[in-house]
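**Q** One file: run-v3.pdb (PDB, C-alpha atoms and all ligand atoms).
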```
ATOM      1  CA  MET A   1     -20.690   2.972  13.508  1.00  0.00           C
ATOM      2  CA  ILE A   2     -17.368   3.900  11.899  1.00  0.00           C
ATOM      3  CA  ILE A   3     -16.908   2.815   8.279  1.00  0.00           C
ATOM      4  CA  VAL A   4     -13.838   3.333   6.129  1.00  0.00           C
ATOM      5  CA  VAL A   5     -14.094   3.234   2.341  1.00  0.00           C
ATOM      6  CA  PHE A   6     -10.826   2.568   0.510  1.00  0.00           C
ATOM      7  CA  GLY A   7      -9.917   2.499  -3.128  1.00  0.00           C
ATOM      8  CA  PRO A   8      -7.649   4.178  -5.668  1.00  0.00           C
ATOM      9  CA  PRO A   9      -8.532   7.503  -7.335  1.00  0.00           C
ATOM     10  CA  GLY A  10     -11.708   7.280  -9.415  1.00  0.00           C
ATOM     11  CA  VAL A  11     -12.996   4.080  -7.878  1.00  0.00           C
ATOM     12  CA  GLY A  12     -16.237   5.664  -6.646  1.00  0.00           C
ATOM     13  CA  LYS A  13     -15.506   6.158  -2.936  1.00  0.00           C
ATOM     14  CA  GLY A  14     -17.262   9.520  -2.845  1.00  0.00           C
ATOM     15  CA  THR A  15     -20.336   8.309  -4.728  1.00  0.00           C
ATOM     16  CA  GLN A  16     -20.769   5.224  -2.555  1.00  0.00           C
ATOM     17  CA  SER A  17     -20.015   7.071   0.704  1.00  0.00           C
ATOM     18  CA  ALA A  18     -22.723   9.635  -0.093  1.00  0.00           C
ATOM     19  CA  LYS A  19     -25.302   6.899  -0.754  1.00  0.00           C
ATOM     20  CA  LEU A  20     -24.343   5.087   2.426  1.00  0.00           C
ATOM     21  CA  SER A  21     -24.466   8.313   4.416  1.00  0.00           C
ATOM     22  CA  ALA A  22     -28.041   9.031   3.270  1.00  0.00           C
ATOM     23  CA  HIS A  23     -29.105   5.467   4.080  1.00  0.00           C
ATOM     24  CA  LEU A  24     -27.462   5.160   7.518  1.00  0.00           C
ATOM     25  CA  GLY A  25     -28.070   8.759   8.623  1.00  0.00           C
ATOM     26  CA  ILE A  26     -24.431   9.351   9.537  1.00  0.00           C
ATOM     27  CA  PRO A  27     -22.147  11.883   7.828  1.00  0.00           C
ATOM     28  CA  ALA A  28     -19.594  10.966   5.191  1.00  0.00           C
ATOM     29  CA  PHE A  29     -16.330  12.836   5.467  1.00  0.00           C
ATOM     30  CA  SER A  30     -13.952  13.137   2.509  1.00  0.00           C
ATOM     31  CA  THR A  31     -10.526  14.480   3.421  1.00  0.00           C
ATOM     32  CA  GLY A  32      -9.950  15.259  -0.289  1.00  0.00           C
ATOM     33  CA  ASP A  33     -13.134  17.392  -0.412  1.00  0.00           C
ATOM     34  CA  MET A  34     -12.095  19.248   2.736  1.00  0.00           C
ATOM     35  CA  PHE A  35      -8.690  19.993   1.267  1.00  0.00           C
ATOM     36  CA  ARG A  36     -10.162  21.127  -2.060  1.00  0.00           C
ATOM     37  CA  ALA A  37     -12.539  23.474  -0.186  1.00  0.00           C
ATOM     38  CA  ALA A  38      -9.609  24.898   1.790  1.00  0.00           C
ATOM     39  CA  MET A  39      -7.775  25.562  -1.478  1.00  0.00           C
ATOM     40  CA  VAL A  40     -10.782  27.316  -3.039  1.00  0.00           C
ATOM     41  CA  GLU A  41     -11.061  29.527   0.071  1.00  0.00           C
ATOM     42  CA  ASP A  42      -7.282  30.006   0.017  1.00  0.00           C
ATOM     43  CA  SER A  43      -7.359  29.583   3.817  1.00  0.00           C
ATOM     44  CA  PRO A  44      -4.091  29.009   5.756  1.00  0.00           C
ATOM     45  CA  LEU A  45      -4.790  25.265   5.498  1.00  0.00           C
ATOM     46  CA  GLY A  46      -5.342  25.642   1.743  1.00  0.00           C
ATOM     47  CA  GLN A  47      -2.032  27.438   1.291  1.00  0.00           C
ATOM     48  CA  LYS A  48      -0.215  24.792   3.332  1.00  0.00           C
ATOM     49  CA  ILE A  49      -1.465  21.855   1.291  1.00  0.00           C
ATOM     50  CA  ARG A  50      -1.674  23.277  -2.252  1.00  0.00           C
ATOM     51  CA  SER A  51       1.717  22.047  -3.442  1.00  0.00           C
ATOM     52  CA  PHE A  52       0.999  18.478  -2.236  1.00  0.00           C
ATOM     53  CA  MET A  53      -2.462  18.384  -3.786  1.00  0.00           C
ATOM     54  CA  ASP A  54      -1.366  19.815  -7.137  1.00  0.00           C
ATOM     55  CA  ALA A  55       1.434  17.272  -7.424  1.00  0.00           C
ATOM     56  CA  GLY A  56      -0.870  14.384  -6.460  1.00  0.00           C
ATOM     57  CA  ASP A  57       1.221  13.749  -3.334  1.00  0.00           C
ATOM     58  CA  LEU A  58      -0.177  12.982   0.085  1.00  0.00           C
ATOM     59  CA  VAL A  59      -0.685  15.834   2.508  1.00  0.00           C
ATOM     60  CA  PRO A  60       1.520  15.280   5.620  1.00  0.00           C
ATOM     61  CA  ASP A  61       0.045  12.862   8.157  1.00  0.00           C
ATOM     62  CA  GLU A  62      -0.093  15.340  11.044  1.00  0.00           C
ATOM     63  CA  VAL A  63      -2.186  17.804   8.992  1.00  0.00           C
ATOM     64  CA  VAL A  64      -4.672  15.105   7.959  1.00  0.00           C
ATOM     65  CA  ASN A  65      -4.860  13.507  11.404  1.00  0.00           C
ATOM     66  CA  GLU A  66      -5.666  16.833  13.016  1.00  0.00           C
ATOM     67  CA  LEU A  67      -8.360  17.589  10.442  1.00  0.00           C
ATOM     68  CA  VAL A  68     -10.060  14.214  10.922  1.00  0.00           C
ATOM     69  CA  ALA A  69      -9.862  14.362  14.728  1.00  0.00           C
ATOM     70  CA  SER A  70     -11.534  17.787  14.684  1.00  0.00           C
ATOM     71  CA  ARG A  71     -14.289  16.427  12.408  1.00  0.00           C
ATOM     72  CA  MET A  72     -14.940  13.316  14.486  1.00  0.00           C
ATOM     73  CA  VAL A  73     -15.757  15.302  17.642  1.00  0.00           C
ATOM     74  CA  GLN A  74     -18.567  17.249  15.919  1.00  0.00           C
ATOM     75  CA  PRO A  75     -22.044  16.502  17.343  1.00  0.00           C
ATOM     76  CA  ASP A  76     -23.344  15.071  14.048  1.00  0.00           C
ATOM     77  CA  CYS A  77     -20.805  12.238  14.370  1.00  0.00           C
ATOM     78  CA  ALA A  78     -22.328  10.985  17.642  1.00  0.00           C
ATOM     79  CA  ASP A  79     -23.771   7.913  15.884  1.00  0.00           C
ATOM     80  CA  GLY A  80     -20.842   7.381  13.584  1.00  0.00           C
ATOM     81  CA  LEU A  81     -19.059   8.488  10.476  1.00  0.00           C
ATOM     82  CA  ILE A  82     -18.050   7.252   7.039  1.00  0.00           C
ATOM     83  CA  LEU A  83     -14.427   8.045   6.243  1.00  0.00           C
ATOM     84  CA  ASP A  84     -13.693   8.516   2.541  1.00  0.00           C
ATOM     85  CA  GLY A  85      -9.990   8.850   1.739  1.00  0.00           C
ATOM     86  CA  TYR A  86      -8.662   8.393   5.275  1.00  0.00           C
ATOM     87  CA  PRO A  87      -6.579   6.654   6.586  1.00  0.00           C
ATOM     88  CA  ARG A  88      -4.187   6.427   3.641  1.00  0.00           C
ATOM     89  CA  THR A  89      -0.921   5.589   5.382  1.00  0.00           C
ATOM     90  CA  VAL A  90       0.008   3.125   8.120  1.00  0.00           C
ATOM     91  CA  ALA A  91       0.927   6.090  10.355  1.00  0.00           C
ATOM     92  CA  GLN A  92      -2.617   7.478   9.888  1.00  0.00           C
ATOM     93  CA  VAL A  93      -4.126   4.091  10.811  1.00  0.00           C
ATOM     94  CA  LYS A  94      -2.143   3.993  14.039  1.00  0.00           C
ATOM     95  CA  VAL A  95      -3.269   7.490  15.025  1.00  0.00           C
ATOM     96  CA  LEU A  96      -6.899   6.751  14.094  1.00  0.00           C
ATOM     97  CA  GLU A  97      -6.996   3.478  16.007  1.00  0.00           C
ATOM     98  CA  GLY A  98      -5.363   5.101  19.042  1.00  0.00           C
ATOM     99  CA  TRP A  99      -7.893   7.940  18.905  1.00  0.00           C
ATOM    100  CA  LEU A 100     -10.828   5.522  18.671  1.00  0.00           C
ATOM    101  CA  ALA A 101      -9.484   3.174  21.376  1.00  0.00           C
ATOM    102  CA  GLY A 102      -9.192   6.141  23.740  1.00  0.00           C
ATOM    103  CA  ARG A 103     -12.942   6.636  23.294  1.00  0.00           C
ATOM    104  CA  LYS A 104     -13.829   2.940  23.474  1.00  0.00           C
ATOM    105  CA  MET A 105     -14.639   2.940  19.787  1.00  0.00           C
ATOM    106  CA  LYS A 106     -13.328   0.930  16.850  1.00  0.00           C
ATOM    107  CA  LEU A 107     -13.501   0.713  13.080  1.00  0.00           C
ATOM    108  CA  ASP A 108     -16.613  -1.349  12.397  1.00  0.00           C
ATOM    109  CA  TYR A 109     -16.272  -1.884   8.647  1.00  0.00           C
ATOM    110  CA  VAL A 110     -13.302  -1.535   6.356  1.00  0.00           C
ATOM    111  CA  ILE A 111     -14.339  -1.664   2.711  1.00  0.00           C
ATOM    112  CA  GLU A 112     -12.080  -1.706  -0.333  1.00  0.00           C
ATOM    113  CA  LEU A 113     -13.529  -0.975  -3.771  1.00  0.00           C
ATOM    114  CA  VAL A 114     -11.553  -2.789  -6.445  1.00  0.00           C
ATOM    115  CA  VAL A 115     -11.415  -1.618 -10.076  1.00  0.00           C
ATOM    116  CA  ASP A 116      -8.943  -2.185 -12.980  1.00  0.00           C
ATOM    117  CA  ARG A 117      -6.479   0.624 -13.611  1.00  0.00           C
ATOM    118  CA  GLU A 118      -7.566   1.010 -17.247  1.00  0.00           C
ATOM    119  CA  GLU A 119     -11.160   1.521 -16.210  1.00  0.00           C
ATOM    120  CA  LEU A 120     -10.066   4.077 -13.613  1.00  0.00           C
ATOM    121  CA  VAL A 121      -8.150   6.126 -16.160  1.00  0.00           C
ATOM    122  CA  LYS A 122     -11.303   6.243 -18.314  1.00  0.00           C
ATOM    123  CA  ARG A 123     -13.450   7.258 -15.351  1.00  0.00           C
ATOM    124  CA  LEU A 124     -11.067  10.006 -14.255  1.00  0.00           C
ATOM    125  CA  ALA A 125     -10.743  11.445 -17.742  1.00  0.00           C
ATOM    126  CA  GLY A 126     -14.514  12.061 -17.812  1.00  0.00           C
ATOM    127  CA  ARG A 127     -14.938  13.065 -14.177  1.00  0.00           C
ATOM    128  CA  LEU A 128     -16.456  16.486 -13.458  1.00  0.00           C
ATOM    129  CA  TYR A 129     -16.466  18.248 -10.106  1.00  0.00           C
ATOM    130  CA  ALA A 130     -18.639  20.968  -8.570  1.00  0.00           C
ATOM    131  CA  PRO A 131     -16.364  22.930  -6.195  1.00  0.00           C
ATOM    132  CA  THR A 132     -19.171  24.354  -4.026  1.00  0.00           C
ATOM    133  CA  SER A 133     -21.580  21.422  -3.687  1.00  0.00           C
ATOM    134  CA  LYS A 134     -18.601  18.997  -3.858  1.00  0.00           C
ATOM    135  CA  LYS A 135     -20.720  16.735  -6.021  1.00  0.00           C
ATOM    136  CA  THR A 136     -18.969  14.578  -8.586  1.00  0.00           C
ATOM    137  CA  TYR A 137     -20.379  13.746 -12.041  1.00  0.00           C
ATOM    138  CA  HIS A 138     -19.146  11.856 -15.051  1.00  0.00           C
ATOM    139  CA  GLU A 139     -19.599  12.957 -18.657  1.00  0.00           C
ATOM    140  CA  LYS A 140     -20.859   9.496 -19.620  1.00  0.00           C
ATOM    141  CA  TYR A 141     -21.662   7.396 -16.521  1.00  0.00           C
ATOM    142  CA  ALA A 142     -23.318  10.049 -14.312  1.00  0.00           C
ATOM    143  CA  PRO A 143     -24.002  13.160 -16.413  1.00  0.00           C
ATOM    144  CA  PRO A 144     -25.556  16.280 -14.875  1.00  0.00           C
ATOM    145  CA  ARG A 145     -29.102  17.186 -16.025  1.00  0.00           C
ATOM    146  CA  VAL A 146     -27.788  20.323 -17.769  1.00  0.00           C
ATOM    147  CA  PRO A 147     -24.418  19.709 -19.449  1.00  0.00           C
ATOM    148  CA  GLY A 148     -21.561  21.374 -17.560  1.00  0.00           C
ATOM    149  CA  LYS A 149     -23.740  22.521 -14.628  1.00  0.00           C
ATOM    150  CA  CYS A 150     -24.236  21.113 -11.115  1.00  0.00           C
ATOM    151  CA  ASN A 151     -27.735  19.673 -10.473  1.00  0.00           C
ATOM    152  CA  ILE A 152     -27.791  21.175  -6.973  1.00  0.00           C
ATOM    153  CA  THR A 153     -26.178  24.602  -7.257  1.00  0.00           C
ATOM    154  CA  GLY A 154     -26.145  25.238 -11.030  1.00  0.00           C
ATOM    155  CA  GLU A 155     -22.457  26.161 -10.747  1.00  0.00           C
ATOM    156  CA  ASP A 156     -20.018  25.362 -13.571  1.00  0.00           C
ATOM    157  CA  LEU A 157     -18.471  21.912 -13.373  1.00  0.00           C
ATOM    158  CA  ILE A 158     -14.697  21.626 -13.668  1.00  0.00           C
ATOM    159  CA  HIS A 159     -12.116  18.931 -14.331  1.00  0.00           C
ATOM    160  CA  ARG A 160      -9.993  18.562 -11.183  1.00  0.00           C
ATOM    161  CA  ASP A 161      -6.347  19.557 -11.755  1.00  0.00           C
ATOM    162  CA  ASP A 162      -5.221  16.335 -10.124  1.00  0.00           C
ATOM    163  CA  ASP A 163      -7.317  14.265 -12.573  1.00  0.00           C
ATOM    164  CA  LYS A 164      -4.926  15.145 -15.417  1.00  0.00           C
ATOM    165  CA  PRO A 165      -3.395  11.931 -16.813  1.00  0.00           C
ATOM    166  CA  GLU A 166       0.176  12.649 -15.647  1.00  0.00           C
ATOM    167  CA  VAL A 167      -0.961  13.502 -12.100  1.00  0.00           C
ATOM    168  CA  VAL A 168      -3.339  10.526 -12.052  1.00  0.00           C
ATOM    169  CA  ARG A 169      -0.487   8.131 -12.850  1.00  0.00           C
ATOM    170  CA  HIS A 170       1.463   9.557  -9.929  1.00  0.00           C
ATOM    171  CA  ARG A 171      -1.573   9.278  -7.616  1.00  0.00           C
ATOM    172  CA  PHE A 172      -1.863   5.588  -8.506  1.00  0.00           C
ATOM    173  CA  ASP A 173       1.805   5.104  -7.581  1.00  0.00           C
ATOM    174  CA  VAL A 174       1.279   6.960  -4.314  1.00  0.00           C
ATOM    175  CA  TYR A 175      -1.715   4.709  -3.596  1.00  0.00           C
ATOM    176  CA  THR A 176       0.279   1.546  -4.254  1.00  0.00           C
ATOM    177  CA  LYS A 177       3.209   2.689  -2.154  1.00  0.00           C
ATOM    178  CA  ASN A 178       1.380   4.203   0.844  1.00  0.00           C
ATOM    179  CA  THR A 179      -2.108   2.756   0.946  1.00  0.00           C
ATOM    180  CA  GLN A 180      -1.547  -0.840  -0.148  1.00  0.00           C
ATOM    181  CA  PRO A 181       0.305  -1.507   3.157  1.00  0.00           C
ATOM    182  CA  VAL A 182      -2.786  -0.187   4.984  1.00  0.00           C
ATOM    183  CA  LEU A 183      -4.991  -2.634   3.070  1.00  0.00           C
ATOM    184  CA  ASP A 184      -2.550  -5.458   3.810  1.00  0.00           C
ATOM    185  CA  TYR A 185      -2.751  -4.560   7.500  1.00  0.00           C
ATOM    186  CA  PHE A 186      -6.561  -4.826   7.559  1.00  0.00           C
ATOM    187  CA  ALA A 187      -6.552  -7.937   5.366  1.00  0.00           C
ATOM    188  CA  ALA A 188      -4.107  -9.648   7.724  1.00  0.00           C
ATOM    189  CA  ASP A 189      -6.496  -9.433  10.671  1.00  0.00           C
ATOM    190  CA  GLY A 190      -9.570 -10.304   8.585  1.00  0.00           C
ATOM    191  CA  ARG A 191     -11.232  -6.893   8.756  1.00  0.00           C
ATOM    192  CA  LEU A 192     -11.058  -6.020   5.059  1.00  0.00           C
ATOM    193  CA  SER A 193     -14.156  -6.500   2.861  1.00  0.00           C
ATOM    194  CA  ARG A 194     -13.186  -6.338  -0.822  1.00  0.00           C
ATOM    195  CA  ILE A 195     -15.961  -5.284  -3.189  1.00  0.00           C
ATOM    196  CA  ASP A 196     -15.953  -5.471  -6.979  1.00  0.00           C
ATOM    197  CA  GLY A 197     -16.186  -1.840  -8.087  1.00  0.00           C
ATOM    198  CA  MET A 198     -16.432  -2.711 -11.800  1.00  0.00           C
ATOM    199  CA  LYS A 199     -20.205  -3.234 -11.494  1.00  0.00           C
ATOM    200  CA  ASN A 200     -22.604  -0.331 -11.940  1.00  0.00           C
ATOM    201  CA  ILE A 201     -23.129   2.183  -9.120  1.00  0.00           C
ATOM    202  CA  ASP A 202     -26.291   0.538  -7.733  1.00  0.00           C
ATOM    203  CA  GLU A 203     -24.845  -2.969  -7.851  1.00  0.00           C
ATOM    204  CA  VAL A 204     -21.695  -1.863  -6.022  1.00  0.00           C
ATOM    205  CA  TYR A 205     -23.859  -0.130  -3.450  1.00  0.00           C
ATOM    206  CA  ALA A 206     -25.984  -3.260  -2.939  1.00  0.00           C
ATOM    207  CA  ASP A 207     -22.790  -5.246  -2.285  1.00  0.00           C
ATOM    208  CA  ILE A 208     -21.631  -2.651   0.262  1.00  0.00           C
ATOM    209  CA  LEU A 209     -24.990  -2.842   2.036  1.00  0.00           C
ATOM    210  CA  LYS A 210     -24.599  -6.601   2.333  1.00  0.00           C
ATOM    211  CA  VAL A 211     -21.391  -5.967   4.304  1.00  0.00           C
ATOM    212  CA  VAL A 212     -22.628  -3.241   6.627  1.00  0.00           C
ATOM    213  CA  GLU A 213     -26.033  -4.819   7.276  1.00  0.00           C
ATOM    214  CA  LYS A 214     -24.687  -8.284   7.916  1.00  0.00           C
TER     215      LYS A 214
HETATM  216  P1  LIG B 301      -9.116  12.380  -3.008  1.00  0.00           P
HETATM  217  O1  LIG B 301     -10.167  13.354  -3.336  1.00  0.00           O
HETATM  218  O2  LIG B 301      -9.499  11.447  -1.894  1.00  0.00           O
HETATM  219  O3  LIG B 301      -8.589  11.646  -4.211  1.00  0.00           O
HETATM  220  O4  LIG B 301      -7.871  13.232  -2.413  1.00  0.00           O
HETATM  221  C1  LIG B 301      -7.254  14.240  -3.185  1.00  0.00           C
HETATM  222  C2  LIG B 301      -5.911  14.627  -2.569  1.00  0.00           C
HETATM  223  O5  LIG B 301      -6.097  15.077  -1.219  1.00  0.00           O
HETATM  224  C3  LIG B 301      -4.881  13.520  -2.464  1.00  0.00           C
HETATM  225  O6  LIG B 301      -4.172  13.299  -3.677  1.00  0.00           O
HETATM  226  C4  LIG B 301      -3.983  14.074  -1.355  1.00  0.00           C
HETATM  227  O7  LIG B 301      -3.151  15.104  -1.839  1.00  0.00           O
HETATM  228  C5  LIG B 301      -4.988  14.708  -0.400  1.00  0.00           C
HETATM  229  N1  LIG B 301      -5.475  13.753   0.625  1.00  0.00           N
HETATM  230  C6  LIG B 301      -6.755  13.332   0.798  1.00  0.00           C
HETATM  231  N2  LIG B 301      -6.852  12.466   1.818  1.00  0.00           N
HETATM  232  C7  LIG B 301      -5.580  12.316   2.307  1.00  0.00           C
HETATM  233  C8  LIG B 301      -4.995  11.533   3.352  1.00  0.00           C
HETATM  234  N3  LIG B 301      -5.747  10.723   4.118  1.00  0.00           N
HETATM  235  N4  LIG B 301      -3.666  11.631   3.557  1.00  0.00           N
HETATM  236  C9  LIG B 301      -2.905  12.456   2.818  1.00  0.00           C
HETATM  237  N5  LIG B 301      -3.365  13.209   1.798  1.00  0.00           N
HETATM  238  C10 LIG B 301      -4.701  13.143   1.542  1.00  0.00           C
END
```
Would you kindly transcribe this structure into structure tokens?
**A**
Amino acid sequence: MIIVVFGPPGVGKGTQSAKLSAHLGIPAFSTGDMFRAAMVEDSPLGQKIRSFMDAGDLVPDEVVNELVASRMVQPDCADGLILDGYPRTVAQVKVLEGWLAGRKMKLDYVIELVVDREELVKRLAGRLYAPTSKKTYHEKYAPPRVPGKCNITGEDLIHRDDDKPEVVRHRFDVYTKNTQPVLDYFAADGRLSRIDGMKNIDEVYADILKVVEK
């Protein structure tokens, strides 16, 4: 089962994908997390993408497509995968669909989480990130047990550089320009399930389950 979770920055894609992954027993793959890990390691991939990430711009399609294709052939994806943050451009959709069609597979569920911009700005301002465990917290809505520390690894939590207000505004614009056409494409053929992301985490999750367990 291949599931794609869409939504602008801060909408809760990572949180919901992780819950869904645990429930369905298939991995969730966040392209953003992979890129952040590459930057922390300062690997060749990390060096290649740093300027795009820091500016809140999209990483070039060919880099992302290659990364996702290499992830999808891993043995743990045999029963499926949840894609968080990919595809984000029409060109990425075309490559993904071609890749899946070549393996007699398809996108089973395309989910969009919908939240007001004002609410997103508030969420991003309080968002905290654990670089090693890749777990996301929120100062108010999902605080760690010990303030400033990851529940899993105990590492220090940080504010992501690209969550700064000026970068966030640009990321919203990038989303509207590049990803809205992707949503329009899936909406046009009836594959898009829109979910109200303003509800609390468990309510949003229950609504997602209604879609994937239909
Ligand atoms: P995210 O954690 O999903 O908000 O992604 C953080 C950043 O990673 C984005 O602002 C982009 O620079 C990059 N990124 C993640 N996924 C993609 C993608 N599918 N296409 C291009 N860039 C991406």
**Q** Starting from the displayed file, determine the output of the PyMOL selection byres (((chain A and resi 166) around 12) and not hetatm) and express the residue list as an mmCIF file with C-alpha atoms, in the frame of the given file.
**A**
```cif
data_model
loop_
_atom_site.group_PDB
_atom_site.id
_atom_site.type_symbol
_atom_site.label_atom_id
_atom_site.label_comp_id
_atom_site.auth_asym_id
_atom_site.auth_seq_id
_atom_site.Cartn_x
_atom_site.Cartn_y
_atom_site.Cartn_z
ATOM 1 C CA ASP A 54 -1.366 19.815 -7.137
ATOM 2 C CA ALA A 55 1.434 17.272 -7.424
ATOM 3 C CA GLY A 56 -0.870 14.384 -6.460
ATOM 4 C CA VAL A 121 -8.150 6.126 -16.160
ATOM 5 C CA LEU A 124 -11.067 10.006 -14.255
ATOM 6 C CA ALA A 125 -10.743 11.445 -17.742
ATOM 7 C CA ASP A 161 -6.347 19.557 -11.755
ATOM 8 C CA ASP A 162 -5.221 16.335 -10.124
ATOM 9 C CA ASP A 163 -7.317 14.265 -12.573
ATOM 10 C CA LYS A 164 -4.926 15.145 -15.417
ATOM 11 C CA PRO A 165 -3.395 11.931 -16.813
ATOM 12 C CA VAL A 167 -0.961 13.502 -12.100
ATOM 13 C CA VAL A 168 -3.339 10.526 -12.052
ATOM 14 C CA ARG A 169 -0.487 8.131 -12.850
ATOM 15 C CA HIS A 170 1.463 9.557 -9.929
ATOM 16 C CA ARG A 171 -1.573 9.278 -7.616
ATOM 17 C CA PHE A 172 -1.863 5.588 -8.506
ATOM 18 C CA ASP A 173 1.805 5.104 -7.581
#
```
**Q** Considering all atoms listed in the file, return as a PyMOL selection string whatever protein or nucleic-acid residues lie within 8 Å of region 80-84 of chain A, sequence-local ones (same chain, fewer than 6 positions apart) excluded.
**A** chain A and resi 1-6+13-14+17+21+26-31+72
**Q** Determine the nearest neighbour of ligand LIG 301 (chain B) from the options A:Phe52, A:Phe186, A:Tyr205, A:Tyr109, counting all atoms listed in the file.
**A** A:Phe52
**Q** Residues up to 7 Å from ligand LIG 301 (chain B), counting only C-alpha atoms and all ligand atoms: could you list those as a list in words?
**A**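 Protein and nucleic-acid residues within 7 Å of ligand LIG 301 (chain B): Pro9, Ser30, Thr31, Gly32, Asp33, Phe35, Phe52, Met53, Gly56, Asp57, Leu58, Val59, Pro60, Asp61, Val64, Asp84, Gly85, Tyr86, Pro87, Arg88, Thr89 and Arg171 of chain A.
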**Q** Considering all atoms listed in the file, state which residue in the set A:Arg127, A:Leu45, A:Tyr185, A:Leu192 is at the smallest distance from Leu67 (chain A).
**A**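 Going through A:Arg127, A:Leu45, A:Tyr185, A:Leu192 one by one, the smallest distance to Leu67 (chain A) is for A:Leu45.
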**Q** If you count all atoms listed in the file, which residues fall within 12 Å of Ile152 (chain A), apart from same-chain ones fewer than 4 positions away, as a list of chain:residue names?
**A**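 That gives A:Ala130, A:Pro131, A:Thr132, A:Ser133, A:Lys134, A:Lys135, A:Thr136, A:Tyr137, A:Pro144, A:Arg145, A:Val146, A:Asp156, A:Leu157.
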